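What's in protein_5.cif: mmCIF, C-alpha atoms
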```
data_upload
#
loop_
_atom_site.label_atom_id
_atom_site.label_comp_id
_atom_site.auth_asym_id
_atom_site.auth_seq_id
_atom_site.Cartn_x
_atom_site.Cartn_y
_atom_site.Cartn_z
CA MET A 1 65.90 -49.46 57.84
CA ILE A 2 65.94 -48.64 54.11
CA SER A 3 67.56 -51.43 52.10
CA PRO A 4 69.65 -50.77 48.98
CA LEU A 5 67.59 -50.38 45.82
CA PRO A 6 67.47 -53.39 43.47
CA GLY A 7 69.50 -53.24 40.28
CA THR A 8 71.71 -50.46 41.66
CA LEU A 9 75.49 -50.11 41.50
CA TYR A 10 76.78 -48.44 44.67
CA LEU A 11 80.23 -46.82 44.65
CA VAL A 12 81.12 -46.96 48.33
CA SER A 13 83.94 -44.88 49.81
CA THR A 14 85.94 -46.59 52.54
CA PRO A 15 88.55 -45.33 55.04
CA ILE A 16 92.02 -44.44 53.80
CA GLY A 17 93.49 -45.36 57.17
CA ASN A 18 91.32 -44.59 60.18
CA LEU A 19 88.44 -47.06 60.37
CA GLU A 20 86.35 -44.52 62.27
CA ASP A 21 85.93 -42.58 59.01
CA MET A 22 83.44 -45.14 57.72
CA THR A 23 80.00 -43.53 57.42
CA HIS A 24 76.78 -45.07 58.78
CA ARG A 25 75.35 -45.10 55.28
CA ALA A 26 78.37 -46.91 53.85
CA VAL A 27 78.14 -49.58 56.55
CA ARG A 28 74.43 -50.08 55.86
CA VAL A 29 74.86 -50.37 52.09
CA LEU A 30 77.72 -52.87 52.42
CA ARG A 31 75.81 -54.89 54.97
CA GLU A 32 72.72 -55.18 52.75
CA ALA A 33 74.28 -55.41 49.27
CA ALA A 34 73.84 -58.68 47.43
CA VAL A 35 77.56 -58.72 46.65
CA ILE A 36 80.60 -56.54 47.37
CA ALA A 37 83.20 -56.16 44.59
CA CYS A 38 86.66 -55.10 45.76
CA GLU A 39 90.28 -54.91 44.63
CA ASP A 40 91.75 -57.20 47.29
CA THR A 41 89.31 -59.46 49.13
CA ARG A 42 91.75 -59.93 52.00
CA GLN A 43 92.12 -56.18 52.53
CA THR A 44 88.40 -55.50 52.33
CA ARG A 45 87.57 -58.45 54.59
CA LYS A 46 89.50 -56.73 57.41
CA LEU A 47 87.18 -53.72 57.12
CA LEU A 48 84.06 -55.87 56.84
CA ASP A 49 85.03 -57.97 59.86
CA HIS A 50 85.56 -54.79 61.88
CA TYR A 51 81.95 -53.78 61.22
CA GLY A 52 80.47 -57.27 61.37
CA ILE A 53 79.57 -57.34 57.68
CA THR A 54 79.30 -60.91 56.43
CA GLY A 55 77.96 -60.58 52.88
CA PRO A 56 79.60 -62.25 49.85
CA VAL A 57 82.73 -60.65 48.42
CA VAL A 58 84.26 -60.99 44.94
CA SER A 59 87.48 -59.58 43.55
CA TYR A 60 87.42 -56.80 40.95
CA HIS A 61 90.81 -55.58 39.73
CA ASP A 62 92.80 -54.68 36.62
CA HIS A 63 93.41 -58.32 35.68
CA ASN A 64 89.83 -59.63 35.82
CA GLU A 65 87.64 -56.55 35.29
CA ALA A 66 86.38 -57.60 31.85
CA ALA A 67 85.02 -60.96 33.02
CA ARG A 68 83.90 -59.64 36.39
CA THR A 69 82.05 -56.72 34.79
CA ALA A 70 79.87 -59.17 32.86
CA GLU A 71 79.14 -61.08 36.05
CA LEU A 72 78.21 -57.94 37.99
CA LEU A 73 75.95 -56.75 35.17
CA THR A 74 74.14 -60.09 35.29
CA ARG A 75 73.52 -59.55 38.98
CA LEU A 76 72.18 -56.06 38.33
CA GLU A 77 69.88 -57.46 35.64
CA ARG A 78 68.52 -59.90 38.21
CA GLY A 79 67.62 -56.93 40.39
CA GLU A 80 70.44 -57.37 42.89
CA SER A 81 72.33 -54.46 44.44
CA VAL A 82 76.10 -54.40 43.86
CA ALA A 83 78.54 -52.46 46.04
CA LEU A 84 81.93 -51.54 44.57
CA VAL A 85 84.80 -50.55 46.85
CA SER A 86 88.52 -49.95 46.41
CA ASP A 87 91.19 -50.93 48.92
CA ALA A 88 90.90 -47.46 50.43
CA GLY A 89 89.17 -44.18 49.66
CA THR A 90 86.70 -43.33 46.92
CA PRO A 91 86.30 -45.94 44.14
CA LEU A 92 87.49 -45.15 40.60
CA VAL A 93 89.86 -42.37 41.78
CA SER A 94 93.13 -43.89 40.53
CA ASP A 95 91.53 -47.31 41.16
CA PRO A 96 89.66 -49.92 39.07
CA GLY A 97 85.94 -49.64 38.45
CA TYR A 98 85.49 -47.37 35.44
CA ARG A 99 84.62 -50.27 33.11
CA VAL A 100 81.73 -51.56 35.21
CA LEU A 101 80.52 -48.00 35.87
CA CYS A 102 80.31 -47.22 32.15
CA ALA A 103 78.63 -50.54 31.45
CA ALA A 104 76.05 -49.95 34.19
CA VAL A 105 75.32 -46.44 32.95
CA GLY A 106 75.08 -47.70 29.37
CA ARG A 107 72.52 -50.33 30.35
CA GLY A 108 70.42 -47.82 32.25
CA PHE A 109 71.07 -49.11 35.77
CA THR A 110 71.04 -46.71 38.68
CA VAL A 111 74.51 -45.69 39.91
CA CYS A 112 74.68 -44.32 43.44
CA PRO A 113 77.92 -42.88 44.89
CA ILE A 114 78.33 -43.12 48.66
CA PRO A 115 80.75 -40.26 49.45
CA GLY A 116 83.43 -40.47 52.07
CA PRO A 117 87.21 -40.46 52.57
CA SER A 118 89.50 -39.20 49.81
CA ALA A 119 93.25 -38.63 50.04
CA VAL A 120 92.95 -35.88 47.41
CA LEU A 121 90.54 -33.76 49.44
CA ALA A 122 92.04 -34.60 52.83
CA GLY A 123 95.46 -33.53 51.59
CA LEU A 124 94.10 -30.40 49.92
CA VAL A 125 92.14 -29.00 52.87
CA GLY A 126 94.98 -29.73 55.28
CA SER A 127 97.76 -28.40 53.07
CA GLY A 128 97.45 -24.66 53.58
CA LEU A 129 97.58 -24.14 49.81
CA PRO A 130 94.73 -22.45 47.88
CA VAL A 131 91.66 -24.70 47.70
CA ASP A 132 89.39 -22.68 45.38
CA GLN A 133 90.79 -24.43 42.30
CA PHE A 134 92.90 -27.56 42.00
CA PHE A 135 94.05 -30.10 39.42
CA PHE A 136 94.41 -33.80 40.27
CA GLY A 137 96.95 -35.66 38.17
CA GLY A 138 96.60 -39.12 39.72
CA PHE A 139 99.69 -41.29 40.17
CA LEU A 140 102.85 -39.88 38.60
CA PRO A 141 104.56 -42.15 36.03
CA PRO A 142 107.27 -44.27 37.67
CA LYS A 143 109.89 -43.62 34.98
CA LYS A 144 111.84 -40.38 35.30
CA GLY A 145 111.42 -39.20 31.71
CA GLN A 146 107.66 -39.72 31.72
CA ARG A 147 107.34 -38.17 35.16
CA ARG A 148 109.22 -35.03 34.13
CA LYS A 149 107.15 -34.77 30.95
CA ALA A 150 103.94 -34.89 33.00
CA LEU A 151 105.18 -32.28 35.46
CA GLU A 152 106.39 -30.05 32.64
CA GLY A 153 102.90 -30.05 31.16
CA TRP A 154 101.38 -28.96 34.48
CA LYS A 155 103.84 -26.34 35.64
CA GLU A 156 101.84 -23.37 34.33
CA LEU A 157 98.60 -24.40 36.02
CA PRO A 158 97.06 -21.43 37.86
CA CYS A 159 95.88 -23.66 40.70
CA THR A 160 97.05 -26.19 43.25
CA LEU A 161 98.41 -29.39 41.66
CA ILE A 162 97.78 -32.69 43.46
CA VAL A 163 99.39 -36.04 42.61
CA TYR A 164 100.02 -39.38 44.28
CA GLU A 165 103.61 -40.57 44.60
CA ALA A 166 105.35 -43.65 45.99
CA PRO A 167 107.55 -43.11 49.08
CA HIS A 168 110.67 -44.49 47.39
CA ARG A 169 110.33 -41.95 44.55
CA ILE A 170 109.22 -38.82 46.42
CA ILE A 171 112.74 -37.41 46.88
CA ASP A 172 113.50 -37.75 43.15
CA THR A 173 110.13 -36.18 42.34
CA LEU A 174 110.86 -33.21 44.58
CA THR A 175 114.17 -32.80 42.77
CA ASP A 176 112.28 -32.76 39.46
CA THR A 177 109.81 -30.26 40.90
CA GLU A 178 112.60 -27.93 41.99
CA GLU A 179 114.31 -28.11 38.59
CA LEU A 180 111.15 -27.73 36.49
CA PHE A 181 108.99 -25.41 38.62
CA GLY A 182 111.56 -23.40 40.51
CA SER A 183 111.08 -22.66 44.20
CA ARG A 184 107.39 -23.42 44.67
CA GLN A 185 105.48 -24.02 47.88
CA VAL A 186 104.81 -27.74 48.21
CA VAL A 187 103.21 -30.02 50.77
CA VAL A 188 103.92 -33.69 51.31
CA ALA A 189 100.90 -35.22 53.05
CA ARG A 190 101.99 -38.62 54.33
CA GLU A 191 99.93 -41.42 55.90
CA LEU A 192 96.72 -39.38 55.90
CA THR A 193 94.28 -40.26 58.73
CA LYS A 194 96.68 -42.89 60.06
CA LEU A 195 98.64 -43.00 63.32
CA HIS A 196 101.72 -41.32 61.81
CA GLU A 197 99.92 -38.72 59.69
CA GLU A 198 102.26 -35.91 58.69
CA PHE A 199 102.15 -32.69 56.69
CA LEU A 200 105.52 -31.34 55.53
CA ARG A 201 105.17 -27.77 54.24
CA GLY A 202 107.72 -25.47 52.63
CA THR A 203 109.49 -24.89 49.35
CA SER A 204 110.30 -27.94 47.26
CA GLY A 205 113.93 -27.59 48.31
CA GLU A 206 113.08 -27.36 52.02
CA VAL A 207 110.81 -30.39 51.99
CA HIS A 208 113.37 -32.29 49.90
CA ALA A 209 116.03 -31.60 52.53
CA ILE A 210 113.79 -32.87 55.34
CA LEU A 211 113.03 -36.16 53.61
CA ALA A 212 116.58 -36.64 52.31
CA GLY A 213 117.78 -36.43 55.92
CA ARG A 214 115.72 -39.44 56.95
CA THR A 215 116.89 -43.04 56.89
CA ALA A 216 113.83 -44.01 54.87
CA VAL A 217 110.55 -42.53 53.71
CA LYS A 218 107.53 -44.74 54.30
CA GLY A 219 103.78 -44.56 53.83
CA GLU A 220 101.35 -43.41 51.19
CA ILE A 221 102.02 -39.90 49.91
CA THR A 222 99.89 -37.16 48.46
CA LEU A 223 102.04 -34.40 46.96
CA LEU A 224 100.59 -30.91 46.54
CA ILE A 225 102.34 -28.16 44.56
CA GLY A 226 101.40 -24.49 44.76
CA GLU A 227 100.11 -22.65 41.73
CA ALA A 228 102.36 -20.93 39.24
CA PRO A 229 103.25 -17.38 40.27
CA GLU A 230 101.73 -14.51 38.35
CA ILE A 231 103.78 -13.62 35.29
CA ALA A 232 103.98 -9.92 34.62
CA GLU A 233 104.33 -10.31 30.87
CA ASP A 234 104.02 -13.42 28.73
CA GLU A 235 104.74 -13.08 25.04
CA THR A 236 103.93 -16.71 24.24
CA PRO A 237 101.15 -16.80 21.64
CA VAL A 238 97.76 -17.44 23.21
CA GLU A 239 97.25 -20.48 20.97
CA GLU A 240 100.52 -22.02 22.18
CA ALA A 241 99.77 -21.29 25.84
CA VAL A 242 96.37 -22.99 25.62
CA ALA A 243 97.79 -25.96 23.68
CA THR A 244 100.47 -26.49 26.34
CA LEU A 245 97.88 -26.74 29.12
CA VAL A 246 95.67 -29.07 27.07
CA ALA A 247 98.68 -31.30 26.35
CA GLY A 248 99.19 -31.51 30.11
CA GLY A 249 95.73 -32.97 30.58
CA MET A 250 93.60 -29.88 31.18
CA HIS A 251 90.18 -29.61 29.54
CA PRO A 252 90.25 -27.07 26.66
CA MET A 253 87.66 -24.81 28.31
CA ASP A 254 89.63 -24.81 31.59
CA ALA A 255 92.84 -24.10 29.66
CA MET A 256 91.26 -21.06 27.98
CA LYS A 257 90.01 -19.84 31.34
CA ALA A 258 93.47 -20.29 32.91
CA VAL A 259 95.24 -18.40 30.12
CA ALA A 260 92.65 -15.63 30.25
CA LYS A 261 93.04 -15.26 34.02
CA ARG A 262 96.85 -15.17 33.84
CA ARG A 263 96.87 -12.53 31.11
CA GLY A 264 94.01 -10.37 32.32
CA MET A 265 91.89 -11.25 29.29
CA SER A 266 88.30 -12.43 29.01
CA LYS A 267 87.70 -16.05 28.08
CA ARG A 268 85.75 -14.77 25.08
CA ASP A 269 88.83 -12.92 23.82
CA VAL A 270 90.98 -16.02 24.20
CA TYR A 271 88.40 -18.07 22.31
CA ALA A 272 88.31 -15.47 19.54
CA ARG A 273 92.13 -15.67 19.22
CA LEU A 274 91.91 -19.45 18.87
CA GLN A 275 89.20 -19.17 16.22
CA ARG A 276 91.28 -16.73 14.18
CA GLY A 277 94.28 -19.04 14.47
#
```
How does this structure look as structure tokens?
Amino acid sequence: MISPLPGTLYLVSTPIGNLEDMTHRAVRVLREAAVIACEDTRQTRKLLDHYGITGPVVSYHDHNEAARTAELLTRLERGESVALVSDAGTPLVSDPGYRVLCAAVGRGFTVCPIPGPSAVLAGLVGSGLPVDQFFFGGFLPPKKGQRRKALEGWKELPCTLIVYEAPHRIIDTLTDTEELFGSRQVVVARELTKLHEEFLRGTSGEVHAILAGRTAVKGEITLLIGEAPEIAEDETPVEEAVATLVAGGMHPMDAMKAVAKRRGMSKRDVYARLQRG
């Protein structure tokens, strides 16, 4: 049995629903880590009890991450191994942990990701939408105006868009999607890996009608939206098209590539246009 390396921060992926998705490696690292840092100790303790893991657990969340980061760094400096987990899925993906990761990297400690369950990838591969390129937008803003602004910035993406949404807002979000994007193919992936896992596929209007006909919508939701259709002719200046995608959160190089692909140009030509502008 190989024990975790001293002075190493492990980012351990945990199940998003089905406890059988825990990997052997993840179980071993959690069992042998000097300490396990998690969002909710009560939630994580259920998982640890299931696998007979009895090591010490400390909370690490948005409200105590500054103080807890210092404590975890002290442990790493003493040569201890620290395992970081979220309530479910892969740490740092729309969850706390970025502060301690950056601090560990900055101090030269080894950071070791333990891959595993992810609602983003599970939803993507099961959606039936293109998987060669995708953009993950995290949790949508809860307020309507901010949510629509975010969606507006992403509507021209030439790839599958993936976001997380709360069940009590999904119907309103599908309404926004229909109004802003037009009739796109969407997928609502609900309760992934759990007993009531469900994929609802169709246009935004069709999926909206299905959910609106239910008494209530429950469970964690991953929403996937199909890529923008090919536009035969786009007279928007290249500079403006790239700026719109960047404003929506896309990396400048990816934005240039997307605009080039949509207009049948080379990325070099798009870059040259931006330089002249």
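What separates CA of Lys46 in chain A from CA of Thr14 in chain A is a distance of 11.8 Å.
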Under the rule that all atoms listed in the file are counted, which of A:His251, A:Arg148, A:Arg190, A:Lys261 is the nearest residue to Glu165 in chain A?
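Of all the options, A:Arg190 lies closest to Glu165 in chain A.
Between CA of Ser127 in chain A and CA of Ala228 in chain A the separation is 16.4 Å.
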List the residues matched by the PyMOL selection byres ((chain A and resi 199) around 8) in the displayed structure as number ranges by chain, ordered by chain and then by residue number.
A: 126-127, 187-190, 197-198, 200-201
All residues 6 Å or closer to Leu161 in chain A, all atoms listed in the file, same chain fewer than 4 positions away omitted, as JSON, numbers by chain:
{"A": [134, 135, 224, 225]}
Save out the residues we just selected, C-alpha atoms, as a PDB file, keeping the file's coordinate frame.
```pdb
ATOM      1  CA  PHE A 134      92.900 -27.560  42.000  1.00  0.00           C
ATOM      2  CA  PHE A 135      94.050 -30.100  39.420  1.00  0.00           C
ATOM      3  CA  LEU A 224     100.590 -30.910  46.540  1.00  0.00           C
ATOM      4  CA  ILE A 225     102.340 -28.160  44.560  1.00  0.00           C
TER       5      ILE A 225
END
```
Among listed residues A:Gly182, A:Gly138, A:Pro158, A:Pro6, nearest Asp95 in chain A (using all atoms listed in the file):
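Nearest to Asp95 in chain A: A:Gly138.
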Quick one: which range 6-33 of chain A residues come within 12 Å of range 121-124 of chain A, and what is the nearest atom pair for each with the distance in Å to one decimal, counting all atoms listed in the file, rows ordered by chain and ascending number, as a Markdown table?
```
| residue | atom | partner | partner_atom | distance |
| --- | --- | --- | --- | --- |
| A:Pro15 | CA | A:Ala122 | CA | 11.5 |
| A:Ile16 | CA | A:Ala122 | CA | 9.9 |
| A:Gly17 | CA | A:Ala122 | CA | 11.7 |
| A:Asp21 | CA | A:Ala122 | CA | 11.8 |
```
What residues come out when you apply the PyMOL selection byres ((chain A and resi 83) around 7) to this file, written as JSON, numbers by chain?
{"A": [9, 10, 11, 12, 30, 33, 35, 36, 37, 81, 82, 84, 85]}
When you count all atoms listed in the file, which of these residues is closest to Leu129 in chain A: A:Ala243, A:Leu174, A:Ile114, A:Cys159?
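Of all the options, A:Cys159 lies closest to Leu129 in chain A.
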Residue among A:Gly219, A:Arg268, A:Leu92, A:Ala34 lying closest to Asp62 in chain A, counting all atoms listed in the file
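Answer, going by the shortest atom-to-atom distance: A:Leu92.
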Using the chain letters and numbers from the file, give me the residues hit by the PyMOL selection byres ((chain A and resi 179) around 12), as a ChimeraX atom specification.
/A:148,151-152,155,172-178,180-184,204-205
Just write the chosen residues, C-alpha atoms, as a PDB file, in the coordinates of the input.
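Once written, out-v5.pdb looks like this:
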```
ATOM      1  CA  ARG A 148     109.220 -35.030  34.130  1.00  0.00           C
ATOM      2  CA  LEU A 151     105.180 -32.280  35.460  1.00  0.00           C
ATOM      3  CA  GLU A 152     106.390 -30.050  32.640  1.00  0.00           C
ATOM      4  CA  LYS A 155     103.840 -26.340  35.640  1.00  0.00           C
ATOM      5  CA  ASP A 172     113.500 -37.750  43.150  1.00  0.00           C
ATOM      6  CA  THR A 173     110.130 -36.180  42.340  1.00  0.00           C
ATOM      7  CA  LEU A 174     110.860 -33.210  44.580  1.00  0.00           C
ATOM      8  CA  THR A 175     114.170 -32.800  42.770  1.00  0.00           C
ATOM      9  CA  ASP A 176     112.280 -32.760  39.460  1.00  0.00           C
ATOM     10  CA  THR A 177     109.810 -30.260  40.900  1.00  0.00           C
ATOM     11  CA  GLU A 178     112.600 -27.930  41.990  1.00  0.00           C
ATOM     12  CA  LEU A 180     111.150 -27.730  36.490  1.00  0.00           C
ATOM     13  CA  PHE A 181     108.990 -25.410  38.620  1.00  0.00           C
ATOM     14  CA  GLY A 182     111.560 -23.400  40.510  1.00  0.00           C
ATOM     15  CA  SER A 183     111.080 -22.660  44.200  1.00  0.00           C
ATOM     16  CA  ARG A 184     107.390 -23.420  44.670  1.00  0.00           C
ATOM     17  CA  SER A 204     110.300 -27.940  47.260  1.00  0.00           C
ATOM     18  CA  GLY A 205     113.930 -27.590  48.310  1.00  0.00           C
TER      19      GLY A 205
END
```
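Nearest to Pro115 in chain A of all the residues A:Gly145, A:Gly248, A:Gly89, A:Pro56 is A:Gly89, based on only C-alpha atoms.
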Just how far from CA of Val125 in chain A is CA of Glu20 in chain A, in Å to one decimal?
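Rounded to one decimal, the two atoms are 19.0 Å apart.
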Near-Thr110 in chain A list (8 Å; only C-alpha atoms; drop same-chain fewer than 4 positions) as a PyMOL selection string:
chain A and resi 7-9+104-105
Considering only C-alpha atoms, return as an MDAnalysis selection string whatever protein or nucleic-acid residues lie within 12 Å of Ala67 in chain A, sequence-local ones (same chain, fewer than 6 positions apart) excluded.
chainID A and resid 58:61 73:74 99:100
